[in-house]
Amino acid sequence: MSAAAPGTSKAAHGDVAPKKKKGPGALATAYLVIYNVVMTAGWLVIAVGLVRAYLARGSYHGLYYSIEKPLKFFQTGAILEILHCAVGIVPSSVVLTGFQVMSRVFLTWAVTHSVREVQSEDSVLLFVTAWTVTEIIRYSFYTFSLLNHLPYLIKWARYTFFIVLYPMGVTGELLTIYAALPYVQKTGLYSVTLPNKYNFSFDYYTFLILIMFSYIPLFPQLYFHMIRQRKKVLGHAEDYSKVE
C-alpha cells in the first residue's frame with residue numbers, strides 16, 4: 001500500500017524564507033497535473049469496471065478478470081513517479097517511492113500475472129479494491145494540491161481511509177503470495193538451478209517467503225508513519241473543530 005507523503009513543496013504554498021526551495025516550474029506543474037488527472041481517471045475506470053462486473057455477475061468472485069488490463073497498465077504507469085522524484089519535480093524520497101511502487105508492480109506482474117491460478121482468489125479482489133480506493137483519493141489529492149485548491153474532504157480522506165485500506169491491502173497481498181507458493185514450488189517458476197554456466201542459483205519459492213517476512217518490519221513503520229502524518233496534517237483542524 002502506498003503511503004507516500006503529499007507531493008507539494010513549501011515553496012508551492014508561498015512560504016517566505018531567505019533560501020526557500022523552488023517548486024516545480026510551470027511546465028513541470030502542467031505535466032504533473034495531467035499525469036495525476038490521467039491516473040485518477042484510470043483508477044476510476046478500474047472502480048467502475050469492478051462495480052459493473054459485480055452487478056452483471058451478482059458475485060464478487062473472479063472480478064479480477066474484468067479489470068486485469070487497466071490494472072496492469074495504470075499500476076505499471078506509477079513507475080513514472082520514481083522518475084519524478086529522481087529528477088526533482090516531486091520532493092519525495094526516491095528510495096521510499098521506489099519501494100512502494102515496485103512492490104505493487106511486482107505483485108501485479110511477478111505474482112498475479114505469472115501465477116494464473118491465484119487470479120480467482122478472493123485475496124486478489126481484496127488488495128485490488130484497497131489499491132483502487134487509495135489511488136483515486138491519492139491522485140485526486142495530488143491534482144488539487146498542484147492547483148492550490150485542495151478540498152478538505154479529499155485531504156481528510158487521504159489521511160484517514162488508509163487506516164482501514166492499508167491493512168486491507170497488505171492482507172490481500174500476503175494471502176495472494178501465500179496462495180501462489182504451491183504453484184511456484186511445483187513448476188519451479190523463475191527459479192534457476194545448478195549446475196549452469198553462470199554458477200548461480202535462485203529459488204523463487206524461497207524468495208516469495210522472504211518477501212512475506214519483509215512485511216513484518218516494513219508494514220508497522222509505514223503504517224505508523226502515516227498515523228503521525230495524519231496527526232500532523234489534520235490535528236490542528238480537528239482541535240479547532242472541537243473548540244467550535
# chains A, B, ... in the order shown; residues from 1 in each chain; ligands from 1
>>> select_by_dssp(residues="range 54-205 of chain A", states="alpha helix (DSSP H)", output="number ranges by chain")
A: 54-57, 64-77, 80-87, 94-106, 122-146, 152-158, 162-187, 204-205
>>> atom_distance(atom1="CA of Leu107 in chain A", atom2="CA of Cys85 in chain A")
22.0 Å
>>> closest_atom_pairs(of="range 84-159 of chain A", to="range 51-58 of chain A", cutoff="12 Å", atoms="only C-alpha atoms", output="Markdown table")
| residue | atom | partner | partner_atom | distance |
| --- | --- | --- | --- | --- |
| A:Leu125 | CA | A:Tyr54 | CA | 11.4 |
| A:Thr129 | CA | A:Val51 | CA | 10.5 |
| A:Thr132 | CA | A:Val51 | CA | 11.8 |
>>> write_last_selection(atoms="C-alpha atoms", output="mmCIF file, in the first residue's frame")
data_model
loop_
_atom_site.group_PDB
_atom_site.id
_atom_site.type_symbol
_atom_site.label_atom_id
_atom_site.label_comp_id
_atom_site.auth_asym_id
_atom_site.auth_seq_id
_atom_site.Cartn_x
_atom_site.Cartn_y
_atom_site.Cartn_z
ATOM 1 C CA LEU A 125 -10.023 -8.648 -5.087
ATOM 2 C CA THR A 129 -10.198 -2.865 -4.052
ATOM 3 C CA THR A 132 -8.305 1.335 -6.245
#
>>> closest_residue(among="A:Lys197, A:Arg158, A:His61, A:Arg138", to="Met226 in chain A", atoms="only C-alpha atoms")
A:Arg158
>>> closest_residue(among="A:Ile216, A:Leu234, A:Thr76, A:Ala28", to="Ile154 in chain A", atoms="only C-alpha atoms")
A:Leu234
>>> atom_distance(atom1="CA of Asn36 in chain A", atom2="CA of Pro220 in chain A")
27.7 Å
